[in-house]
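Enquirer: Dropping in query.csv, with CSV, C-alpha atoms.
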```
chain,number,residue,atom,x,y,z
A,159,MET,CA,-38.9,-84.4,-18.3
A,160,GLN,CA,-38.7,-88.0,-19.6
A,161,SER,CA,-35.4,-88.8,-21.1
A,162,ILE,CA,-31.8,-88.2,-20.1
A,163,ASP,CA,-31.6,-85.4,-22.7
A,164,ASP,CA,-34.8,-83.8,-21.4
A,165,ALA,CA,-33.4,-84.0,-17.8
A,166,LEU,CA,-30.2,-82.3,-18.8
A,167,ALA,CA,-32.0,-79.5,-20.7
A,168,PHE,CA,-34.3,-79.0,-17.6
A,169,GLY,CA,-31.2,-78.9,-15.3
A,170,ARG,CA,-29.3,-76.4,-17.4
A,171,LYS,CA,-32.4,-74.1,-17.7
A,172,GLN,CA,-33.0,-74.2,-13.9
A,173,LEU,CA,-29.4,-73.6,-13.1
A,174,ASP,CA,-28.8,-70.7,-15.4
A,175,ASN,CA,-27.7,-68.6,-12.4
A,176,SER,CA,-24.7,-70.9,-11.8
A,177,PRO,CA,-21.4,-70.1,-13.5
A,178,THR,CA,-21.3,-73.7,-14.8
A,179,PRO,CA,-24.9,-74.9,-15.4
A,180,HIS,CA,-24.0,-77.6,-17.9
A,181,ILE,CA,-21.5,-79.1,-15.6
A,182,ASP,CA,-23.8,-78.9,-12.5
A,183,ALA,CA,-26.7,-80.5,-14.4
A,184,ARG,CA,-24.5,-83.3,-15.6
A,185,LEU,CA,-22.9,-83.9,-12.2
A,186,LEU,CA,-26.3,-84.2,-10.5
A,187,LEU,CA,-27.6,-86.6,-13.1
A,188,THR,CA,-24.5,-88.8,-13.3
A,189,HIS,CA,-24.6,-89.1,-9.5
A,190,LEU,CA,-28.3,-89.9,-9.4
A,191,LEU,CA,-28.0,-92.6,-12.0
A,192,GLY,CA,-24.6,-94.0,-10.9
A,193,VAL,CA,-23.1,-93.6,-14.4
A,194,ASP,CA,-20.4,-91.5,-16.0
A,195,HIS,CA,-20.6,-88.6,-18.5
A,196,ALA,CA,-20.0,-91.0,-21.5
A,197,TYR,CA,-23.1,-93.0,-20.5
A,198,LEU,CA,-25.3,-89.9,-20.6
A,199,ILE,CA,-24.1,-89.2,-24.1
A,200,ALA,CA,-24.5,-92.7,-25.4
A,201,HIS,CA,-27.9,-93.2,-23.8
A,202,SER,CA,-29.4,-89.7,-24.2
A,203,ASP,CA,-32.8,-91.1,-25.2
A,204,GLN,CA,-33.1,-93.4,-22.2
A,205,ILE,CA,-36.4,-92.8,-20.3
A,206,LEU,CA,-36.1,-92.0,-16.6
A,207,THR,CA,-38.5,-93.4,-14.1
A,208,PRO,CA,-40.9,-91.1,-12.3
A,209,ALA,CA,-39.0,-91.5,-9.1
A,210,GLN,CA,-35.7,-90.6,-10.8
A,211,CYS,CA,-37.4,-87.5,-12.4
A,212,GLN,CA,-38.7,-86.4,-9.0
A,213,THR,CA,-35.4,-86.8,-7.2
A,214,TYR,CA,-33.5,-85.0,-10.0
A,215,ALA,CA,-35.9,-82.1,-9.9
A,216,GLN,CA,-35.5,-81.8,-6.1
A,217,GLN,CA,-31.7,-81.8,-6.4
A,218,VAL,CA,-31.8,-79.2,-9.2
A,219,GLN,CA,-34.0,-77.1,-7.0
A,220,ARG,CA,-31.6,-77.3,-4.1
A,221,ALA,CA,-28.7,-76.3,-6.4
A,222,ALA,CA,-30.7,-73.4,-7.9
A,223,ALA,CA,-31.2,-72.1,-4.4
A,224,GLY,CA,-27.5,-71.9,-3.9
A,225,GLU,CA,-26.6,-75.2,-2.2
A,226,PRO,CA,-23.2,-76.3,-3.6
A,227,VAL,CA,-23.5,-79.4,-5.9
A,228,ALA,CA,-20.6,-81.0,-4.1
A,229,TYR,CA,-22.6,-81.1,-0.9
A,230,ILE,CA,-25.7,-82.4,-2.7
A,231,ILE,CA,-23.9,-85.3,-4.2
A,232,GLY,CA,-21.4,-85.6,-1.4
A,233,ARG,CA,-18.4,-85.9,-3.7
A,234,MET,CA,-15.6,-83.7,-5.2
A,235,PRO,CA,-12.7,-84.5,-7.5
A,236,PHE,CA,-9.3,-83.3,-6.3
A,237,ARG,CA,-6.1,-84.0,-8.3
A,238,HIS,CA,-6.1,-87.7,-9.0
A,239,ILE,CA,-8.7,-88.7,-6.3
A,240,THR,CA,-12.3,-88.3,-5.5
A,241,LEU,CA,-13.3,-87.0,-2.0
A,242,HIS,CA,-16.3,-87.4,0.2
A,243,VAL,CA,-17.4,-83.9,1.3
A,244,THR,CA,-20.0,-82.6,3.8
A,245,PRO,CA,-21.0,-79.2,5.1
A,246,ASP,CA,-18.5,-79.9,7.9
A,247,VAL,CA,-15.6,-79.3,5.5
A,248,LEU,CA,-14.6,-76.7,2.9
A,249,ILE,CA,-15.1,-77.8,-0.7
A,250,PRO,CA,-11.6,-78.3,-2.1
A,251,ARG,CA,-10.6,-75.7,-4.7
A,252,ALA,CA,-8.3,-76.0,-7.7
A,253,GLU,CA,-5.9,-73.4,-6.1
A,254,THR,CA,-5.2,-75.8,-3.3
A,255,GLU,CA,-3.9,-78.4,-5.8
A,256,LEU,CA,-1.0,-76.0,-6.3
A,257,LEU,CA,-0.1,-76.5,-2.6
A,258,VAL,CA,0.1,-80.2,-3.2
A,259,ALA,CA,2.3,-79.7,-6.3
A,260,GLN,CA,4.7,-77.7,-4.2
A,261,ALA,CA,4.8,-80.3,-1.4
A,262,LEU,CA,5.6,-83.0,-4.0
A,263,HIS,CA,8.4,-80.9,-5.4
A,264,PHE,CA,10.0,-80.3,-2.0
A,265,ALA,CA,9.5,-83.9,-0.9
A,266,ALA,CA,11.5,-85.2,-3.9
A,267,GLY,CA,14.9,-86.4,-2.8
A,268,ARG,CA,13.9,-86.8,0.8
A,269,GLU,CA,14.1,-90.5,1.8
A,270,GLN,CA,11.2,-90.6,4.2
A,271,PRO,CA,9.8,-87.1,4.5
A,272,HIS,CA,7.5,-86.1,7.4
A,273,ILE,CA,4.7,-83.8,6.1
A,274,VAL,CA,2.3,-82.1,8.4
A,275,ASP,CA,-1.0,-80.8,7.0
A,276,VAL,CA,-2.5,-78.2,9.4
A,277,GLY,CA,-6.2,-77.6,9.2
A,278,THR,CA,-6.7,-80.7,7.1
A,279,GLY,CA,-10.5,-80.3,6.6
A,280,SER,CA,-11.6,-82.9,4.1
A,281,GLY,CA,-8.1,-84.3,4.0
A,282,CYS,CA,-7.7,-83.3,0.4
A,283,ILE,CA,-4.0,-82.3,0.9
A,284,ALA,CA,-3.0,-85.1,3.3
A,285,VAL,CA,-4.8,-87.9,1.3
A,286,SER,CA,-3.5,-86.7,-2.0
A,287,LEU,CA,0.1,-86.6,-0.7
A,288,ALA,CA,-0.3,-90.0,0.9
A,289,CYS,CA,-1.4,-91.5,-2.4
A,290,GLU,CA,1.4,-89.9,-4.4
A,291,LEU,CA,4.1,-90.2,-1.7
A,292,PRO,CA,3.7,-93.7,-0.2
A,293,HIS,CA,7.2,-93.5,1.4
A,294,ALA,CA,6.2,-90.3,3.3
A,295,THR,CA,4.7,-90.0,6.8
A,296,ILE,CA,1.8,-87.6,6.8
A,297,THR,CA,0.3,-86.0,9.9
A,298,ALA,CA,-3.1,-84.4,9.5
A,299,ILE,CA,-4.3,-82.0,12.2
A,300,ASP,CA,-7.7,-80.3,12.6
A,301,VAL,CA,-9.5,-78.6,15.5
A,302,SER,CA,-12.8,-79.9,14.2
A,303,ALA,CA,-13.7,-83.5,15.2
A,304,ALA,CA,-16.4,-83.5,12.5
A,305,ALA,CA,-13.9,-82.5,9.8
A,306,LEU,CA,-11.4,-85.2,10.9
A,307,ALA,CA,-14.2,-87.8,10.6
A,308,VAL,CA,-14.6,-86.8,6.9
A,309,ALA,CA,-10.8,-86.8,6.4
A,310,ARG,CA,-10.5,-90.3,7.9
A,311,ARG,CA,-13.3,-91.6,5.6
A,312,ASN,CA,-11.4,-90.2,2.6
A,313,ALA,CA,-8.2,-91.9,3.7
A,314,ASP,CA,-10.1,-95.2,4.0
A,315,GLU,CA,-11.9,-94.8,0.6
A,316,ASN,CA,-8.6,-94.0,-1.1
A,317,ARG,CA,-6.8,-96.9,0.7
A,318,VAL,CA,-4.0,-94.9,2.2
A,319,GLU,CA,-2.4,-96.0,5.5
A,320,ASN,CA,0.5,-93.5,5.9
A,321,VAL,CA,-1.7,-90.7,7.4
A,322,GLN,CA,-2.0,-90.1,11.1
A,323,PHE,CA,-5.0,-87.9,12.1
A,324,ILE,CA,-4.7,-85.7,15.2
A,325,HIS,CA,-7.4,-83.6,16.9
A,326,GLY,CA,-6.0,-80.3,18.0
A,327,SER,CA,-5.2,-76.7,17.3
A,328,LEU,CA,-2.5,-75.8,14.8
A,329,LEU,CA,0.9,-77.4,15.6
A,330,GLU,CA,0.3,-77.8,19.3
A,331,PRO,CA,-0.5,-81.6,19.2
A,332,MET,CA,2.3,-82.3,16.8
A,333,PRO,CA,4.5,-85.0,18.3
A,334,ASP,CA,7.8,-84.4,16.5
A,335,SER,CA,9.4,-82.1,13.9
A,336,ALA,CA,8.5,-82.0,10.3
A,337,ASP,CA,10.3,-81.7,7.0
A,338,ILE,CA,7.3,-79.9,5.4
A,339,ILE,CA,4.5,-78.0,7.0
A,340,ILE,CA,1.6,-77.3,4.7
A,341,ALA,CA,-1.6,-75.4,5.5
A,342,ASN,CA,-4.7,-74.0,3.9
A,343,LEU,CA,-6.0,-72.1,7.0
A,344,PRO,CA,-8.9,-69.7,7.1
A,345,TYR,CA,-7.8,-66.4,5.5
A,346,ILE,CA,-11.0,-64.4,4.8
A,347,SER,CA,-10.8,-61.1,6.7
A,348,SER,CA,-13.8,-59.7,8.5
A,349,SER,CA,-14.4,-57.1,5.8
A,350,GLU,CA,-14.2,-59.7,3.1
A,351,TRP,CA,-16.6,-62.0,5.0
A,352,THR,CA,-19.5,-59.5,4.7
A,353,GLN,CA,-19.0,-59.4,0.9
A,354,LEU,CA,-18.5,-63.2,0.4
A,355,ASP,CA,-20.7,-65.0,-2.1
A,356,ARG,CA,-23.8,-66.2,-0.3
A,357,ARG,CA,-23.4,-69.7,-1.7
A,358,VAL,CA,-20.1,-69.9,0.2
A,359,LYS,CA,-21.1,-68.0,3.3
A,360,LEU,CA,-24.5,-69.8,3.8
A,361,TYR,CA,-23.3,-73.3,3.1
A,362,GLU,CA,-19.6,-73.8,3.8
A,363,PRO,CA,-18.2,-73.8,7.4
A,364,GLU,CA,-17.2,-70.4,8.7
A,365,LEU,CA,-14.6,-72.1,10.9
A,366,ALA,CA,-12.7,-73.1,7.7
A,367,LEU,CA,-13.0,-69.6,6.1
A,368,HIS,CA,-13.0,-66.7,8.5
A,369,GLY,CA,-9.5,-65.8,9.6
A,370,GLY,CA,-10.2,-63.0,12.0
A,371,ALA,CA,-10.1,-59.2,11.5
A,372,ASP,CA,-7.2,-59.2,9.0
A,373,GLY,CA,-7.6,-62.8,7.9
A,374,LEU,CA,-4.2,-63.7,9.3
A,375,GLN,CA,-5.1,-64.8,12.9
A,376,LEU,CA,-4.3,-68.5,12.4
A,377,ILE,CA,-1.5,-68.0,10.0
A,378,ARG,CA,0.2,-65.6,12.5
A,379,ALA,CA,-0.2,-68.2,15.3
A,380,LEU,CA,1.1,-71.0,13.1
A,381,LEU,CA,4.2,-69.1,12.0
A,382,ALA,CA,4.9,-68.3,15.7
A,383,GLN,CA,4.8,-72.0,16.6
A,384,ALA,CA,6.6,-73.3,13.5
A,385,PRO,CA,10.3,-72.6,14.5
A,386,GLN,CA,10.0,-75.2,17.2
A,387,LYS,CA,8.3,-77.7,15.0
A,388,LEU,CA,10.2,-77.5,11.7
A,389,ARG,CA,13.5,-79.2,10.9
A,390,ARG,CA,16.5,-77.0,10.0
A,391,ASP,CA,16.2,-77.6,6.3
A,392,GLY,CA,12.4,-77.7,6.4
A,393,VAL,CA,9.8,-75.9,4.2
A,394,ILE,CA,6.5,-74.2,5.0
A,395,LEU,CA,3.8,-73.9,2.4
A,396,LEU,CA,0.8,-71.6,3.0
A,397,GLU,CA,-2.2,-70.7,1.0
A,398,ILE,CA,-3.1,-67.1,1.4
A,399,GLY,CA,-5.6,-64.5,0.3
A,400,TRP,CA,-4.6,-62.6,-2.9
A,401,ARG,CA,-4.0,-59.3,-1.0
A,402,GLN,CA,-2.0,-60.9,1.9
A,403,ARG,CA,1.4,-61.3,0.3
A,404,GLU,CA,3.2,-58.4,2.0
A,405,ALA,CA,1.7,-59.0,5.4
A,406,THR,CA,2.3,-62.8,5.3
A,407,THR,CA,5.9,-62.3,4.0
A,408,LYS,CA,6.6,-59.9,6.9
A,409,LEU,CA,5.3,-62.4,9.4
A,410,ALA,CA,7.4,-65.2,7.8
A,411,ARG,CA,10.5,-63.0,8.0
A,412,GLN,CA,9.9,-62.2,11.7
A,413,ASN,CA,9.8,-65.9,12.5
A,414,PHE,CA,12.4,-67.2,10.0
A,415,PRO,CA,14.9,-64.3,9.4
A,416,GLU,CA,17.3,-66.4,7.4
A,417,ALA,CA,14.8,-68.2,5.2
A,418,LYS,CA,14.2,-67.8,1.5
A,419,ILE,CA,10.6,-66.6,1.1
A,420,THR,CA,8.7,-66.8,-2.2
A,421,CYS,CA,5.1,-66.0,-3.2
A,422,LEU,CA,3.6,-67.9,-6.1
A,423,ARG,CA,0.6,-66.9,-8.1
A,424,ASP,CA,-2.4,-69.1,-8.9
A,425,TYR,CA,-4.1,-70.0,-12.2
A,426,ALA,CA,-5.8,-66.5,-12.2
A,427,GLY,CA,-2.4,-64.7,-11.7
A,428,LEU,CA,-3.2,-63.8,-8.1
A,429,ASP,CA,-0.8,-64.1,-5.2
A,430,ARG,CA,-1.8,-67.4,-3.5
A,431,ILE,CA,1.1,-69.5,-2.0
A,432,ILE,CA,3.8,-68.4,0.4
A,433,VAL,CA,6.9,-70.7,0.3
A,434,ILE,CA,9.3,-70.5,3.3
A,435,GLU,CA,12.6,-72.4,2.6
A,436,CYS,CA,14.8,-72.8,5.6
A,437,GLY,CA,17.4,-74.9,4.1
A,438,GLY,CA,18.0,-72.8,1.0
A,439,ASN,CA,18.8,-75.9,-1.1
A,440,GLY,CA,15.5,-76.0,-3.1
A,441,ASN,CA,13.6,-73.6,-5.2
A,442,ALA,CA,9.8,-73.3,-5.4
A,443,ILE,CA,8.4,-74.4,-8.7
A,444,LEU,CA,6.4,-71.7,-10.4
A,445,ALA,CA,2.6,-71.8,-10.5
A,446,HIS,CA,0.6,-72.1,-13.7
A,447,THR,CA,1.0,-68.5,-14.5
A,448,ASN,CA,4.8,-68.7,-14.3
A,449,HIS,CA,4.9,-65.5,-12.1
A,450,TYR,CA,6.1,-65.1,-8.6
A,451,HIS,CA,7.4,-62.6,-6.0
A,452,GLU,CA,10.6,-63.3,-4.1
A,453,ASP,CA,11.7,-61.6,-0.8
A,454,HIS,CA,15.4,-60.8,-0.7
A,455,SER,CA,15.4,-58.9,2.6
A,456,PRO,CA,18.1,-60.1,5.1
```
What would you get if you wrote out this structure as structure tokens?
Expert:
Amino acid sequence: MQSIDDALAFGRKQLDNSPTPHIDARLLLTHLLGVDHAYLIAHSDQILTPAQCQTYAQQVQRAAAGEPVAYIIGRMPFRHITLHVTPDVLIPRAETELLVAQALHFAAGREQPHIVDVGTGSGCIAVSLACELPHATITAIDVSAAALAVARRNADENRVENVQFIHGSLLEPMPDSADIIIANLPYISSSEWTQLDRRVKLYEPELALHGGADGLQLIRALLAQAPQKLRRDGVILLEIGWRQREATTKLARQNFPEAKITCLRDYAGLDRIIVIECGGNGNAILAHTNHYHEDHSP
């Protein structure tokens, strides 16, 4: 390879086993050169140095072996921000952006909402909410000290000051009650874990993915703790596995018998978010697919 165009062609060819070879090749090169996509287009005939060619080839080789591009470049876009990511944290997914949208919806009209992000990981939820809700108080909790270090860095890089980071398990270290509890906890079951894509299983942290035998171990524990930690008109937002709607709804009903419980679907039309409304004054906004399930049991 010699030019930017040659490098991109090389990257696309080597990454043909990726679902997005064009994007992956471009992300690796823009990161290496410190430029944006528009620059690559405008300077497609620019000659790369031998050192740049060697580094790019090495990074493409890592990606072709299955290492996520986000870990190679150490960055990942999420909503309106860019996040630092390492193998200590789960790579943020588009589905989790739907959780943030729900939290923004339920925070509207609350003067100074207290939002608790349980299992914050990279801090994608907490930092996004802090950026978009400067009047809110955000508490971000994680059992992993390494993950909290990544989340703190993302808060610093995005210049948010209304997030408090706490090391601990689920809601146990939470100092006071919350208006909104939001969580993307591990929900992969043991049977699903054995079939998980190797690029996920080999590189992303099992601690952030594997949710026990039925995938609901931590969700079950969180919902048992939540009645003591949520305000009377509070809301709980949970990301779940696409086959966990009925089981999670049952757990929610056991712990919040009077609540309105809704399940929203994600961009692919799969069950993805459980909304537990204790106050009954709001209504969950529908996900991209405009489909949802609602529990009407008493």
Enquirer: A:Cys421, A:Ile434, A:Ser347, A:Asn342: which is nearest Ala384 (chain A), counting all atoms listed in the file?
Expert: A:Ile434
Enquirer: Give me the residues near Met159 (chain A) as a ChimeraX atom specification, where near means some atom within 10 Å (using all atoms listed in the file) and where sequence neighbours in that chain fewer than 2 positions away do not count.
Expert: /A:161-169,205-208,211-212,214-215
Enquirer: Considering only C-alpha atoms, return as an mmCIF file with C-alpha atoms, in the frame of the given file whatever protein or nucleic-acid residues lie within 10 Å of Glu364 (chain A), sequence-local ones (same chain, fewer than 2 positions apart) excluded.
Expert:
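Resulting contents of result-v1.cif:
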```
data_model
loop_
_atom_site.group_PDB
_atom_site.id
_atom_site.type_symbol
_atom_site.label_atom_id
_atom_site.label_comp_id
_atom_site.auth_asym_id
_atom_site.auth_seq_id
_atom_site.Cartn_x
_atom_site.Cartn_y
_atom_site.Cartn_z
ATOM 1 C CA ASP A 246 -18.500 -79.900 7.900
ATOM 2 C CA VAL A 247 -15.600 -79.300 5.500
ATOM 3 C CA LEU A 248 -14.600 -76.700 2.900
ATOM 4 C CA PRO A 344 -8.900 -69.700 7.100
ATOM 5 C CA ILE A 346 -11.000 -64.400 4.800
ATOM 6 C CA TRP A 351 -16.600 -62.000 5.000
ATOM 7 C CA VAL A 358 -20.100 -69.900 0.200
ATOM 8 C CA LYS A 359 -21.100 -68.000 3.300
ATOM 9 C CA LEU A 360 -24.500 -69.800 3.800
ATOM 10 C CA TYR A 361 -23.300 -73.300 3.100
ATOM 11 C CA GLU A 362 -19.600 -73.800 3.800
ATOM 12 C CA ALA A 366 -12.700 -73.100 7.700
ATOM 13 C CA LEU A 367 -13.000 -69.600 6.100
ATOM 14 C CA HIS A 368 -13.000 -66.700 8.500
ATOM 15 C CA GLY A 369 -9.500 -65.800 9.600
#
```
Enquirer: Please list as JSON, numbers by chain every residue within 12 Å of Arg184 (chain A), counting only C-alpha atoms and excluding residues in the same chain fewer than 4 positions away.
Expert: {"A": [162, 163, 164, 165, 166, 167, 168, 169, 170, 173, 178, 179, 180, 188, 189, 190, 191, 192, 193, 194, 195, 196, 197, 198, 199, 202, 214, 217, 218, 227, 231]}
Enquirer: Counting all atoms listed in the file, which of A:Leu343, A:Ala284, A:Ala304, A:Leu376 gets nearest to Glu255 (chain A)?
Expert: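 Once distances to Glu255 (chain A) are computed over all atoms listed in the file, the minimum belongs to A:Ala284.
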Enquirer: List the neighbours of Gln216 (chain A) out to 12 Å using all atoms listed in the file; skip same-chain residues closer than 5 positions along the sequence, and give me the result as a short mmCIF file (atom, residue, chain, number, x, y, z; two decimals) with C-alpha atoms, keeping the file's coordinate frame.
Expert:
```cif
data_model
loop_
_atom_site.label_atom_id
_atom_site.label_comp_id
_atom_site.auth_asym_id
_atom_site.auth_seq_id
_atom_site.Cartn_x
_atom_site.Cartn_y
_atom_site.Cartn_z
CA PHE A 168 -34.30 -79.00 -17.60
CA GLY A 169 -31.20 -78.90 -15.30
CA GLN A 172 -33.00 -74.20 -13.90
CA LEU A 186 -26.30 -84.20 -10.50
CA LEU A 187 -27.60 -86.60 -13.10
CA LEU A 190 -28.30 -89.90 -9.40
CA ALA A 209 -39.00 -91.50 -9.10
CA GLN A 210 -35.70 -90.60 -10.80
CA CYS A 211 -37.40 -87.50 -12.40
CA ALA A 221 -28.70 -76.30 -6.40
CA ALA A 222 -30.70 -73.40 -7.90
CA ALA A 223 -31.20 -72.10 -4.40
CA GLU A 225 -26.60 -75.20 -2.20
CA ILE A 230 -25.70 -82.40 -2.70
#
```
Enquirer: Give me, as a Markdown table, each residue of region 234-293 of chain A that comes within 9 Å of region 388-407 of chain A, together with its shortest interatomic pair and the distance in Å at one decimal, counting all atoms listed in the file, with rows ordered by chain and rising residue number.
Expert:
```
| residue | atom | partner | partner_atom | distance |
| --- | --- | --- | --- | --- |
| A:Glu253 | CA | A:Glu397 | CA | 8.4 |
| A:Thr254 | CA | A:Glu397 | CA | 7.3 |
| A:Leu257 | CA | A:Leu395 | CA | 6.9 |
| A:Gln260 | CA | A:Leu395 | CA | 7.7 |
| A:Ala261 | CA | A:Leu395 | CA | 7.5 |
| A:Phe264 | CA | A:Val393 | CA | 7.6 |
```
Enquirer: Take the residues that were just selected and, keeping C-alpha atoms, output them as a short mmCIF file (atom, residue, chain, number, x, y, z; two decimals), in the coordinates of the input.
Expert:
```
data_model
loop_
_atom_site.label_atom_id
_atom_site.label_comp_id
_atom_site.auth_asym_id
_atom_site.auth_seq_id
_atom_site.Cartn_x
_atom_site.Cartn_y
_atom_site.Cartn_z
CA GLU A 253 -5.90 -73.40 -6.10
CA THR A 254 -5.20 -75.80 -3.30
CA LEU A 257 -0.10 -76.50 -2.60
CA GLN A 260 4.70 -77.70 -4.20
CA ALA A 261 4.80 -80.30 -1.40
CA PHE A 264 10.00 -80.30 -2.00
#
```
Enquirer: Smallest atom-to-atom distance to Ala426 (chain A): which of A:Val301, A:Ser348, A:Arg268, A:Ala252, using all atoms listed in the file?
Expert: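 Once distances to Ala426 (chain A) are computed over all atoms listed in the file, the minimum belongs to A:Ala252.
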Enquirer: Which one is closest to Pro271 (chain A): A:Ala371, A:Ile296, A:Ile283, A:Ala417? Count only C-alpha atoms.
Expert: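 Between A:Ala371, A:Ile296, A:Ile283, A:Ala417, the residue approaching Pro271 (chain A) most closely is A:Ile296.
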Enquirer: Select, from A:Arg237, A:Arg423, A:Lys387, A:Lys418, the residue with the minimum atom-to-atom distance to Glu330 (chain A), counting all atoms listed in the file.
Expert: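 Closest residue, counting all atoms listed in the file: A:Lys387.
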Enquirer: Nearest to Pro363 (chain A) among A:Ser286, A:Thr244, A:Asn175, A:Gln386, with distances taken over only C-alpha atoms: which residue is it?
Expert: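 Looking at the shortest contact to Pro363 (chain A), the residue is A:Thr244.
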Enquirer: Could you please determine the separation between CA of Leu409 (chain A) and CA of Gly277 (chain A) in Å, to one decimal place?
Expert: 19.1 Å
Enquirer: Quote the spacing between CA of Asp337 (chain A) and CA of Thr295 (chain A) in Å to one decimal place.
Expert: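 So the two atoms, CA of Asp337 (chain A) and CA of Thr295 (chain A), lie 10.0 Å apart.
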Enquirer: Could you state the separation of CA of Gly279 (chain A) and CA of Phe323 (chain A) in Å, given to one decimal place?
Expert: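 Going from CA of Gly279 (chain A) over to CA of Phe323 (chain A) covers 10.9 Å.
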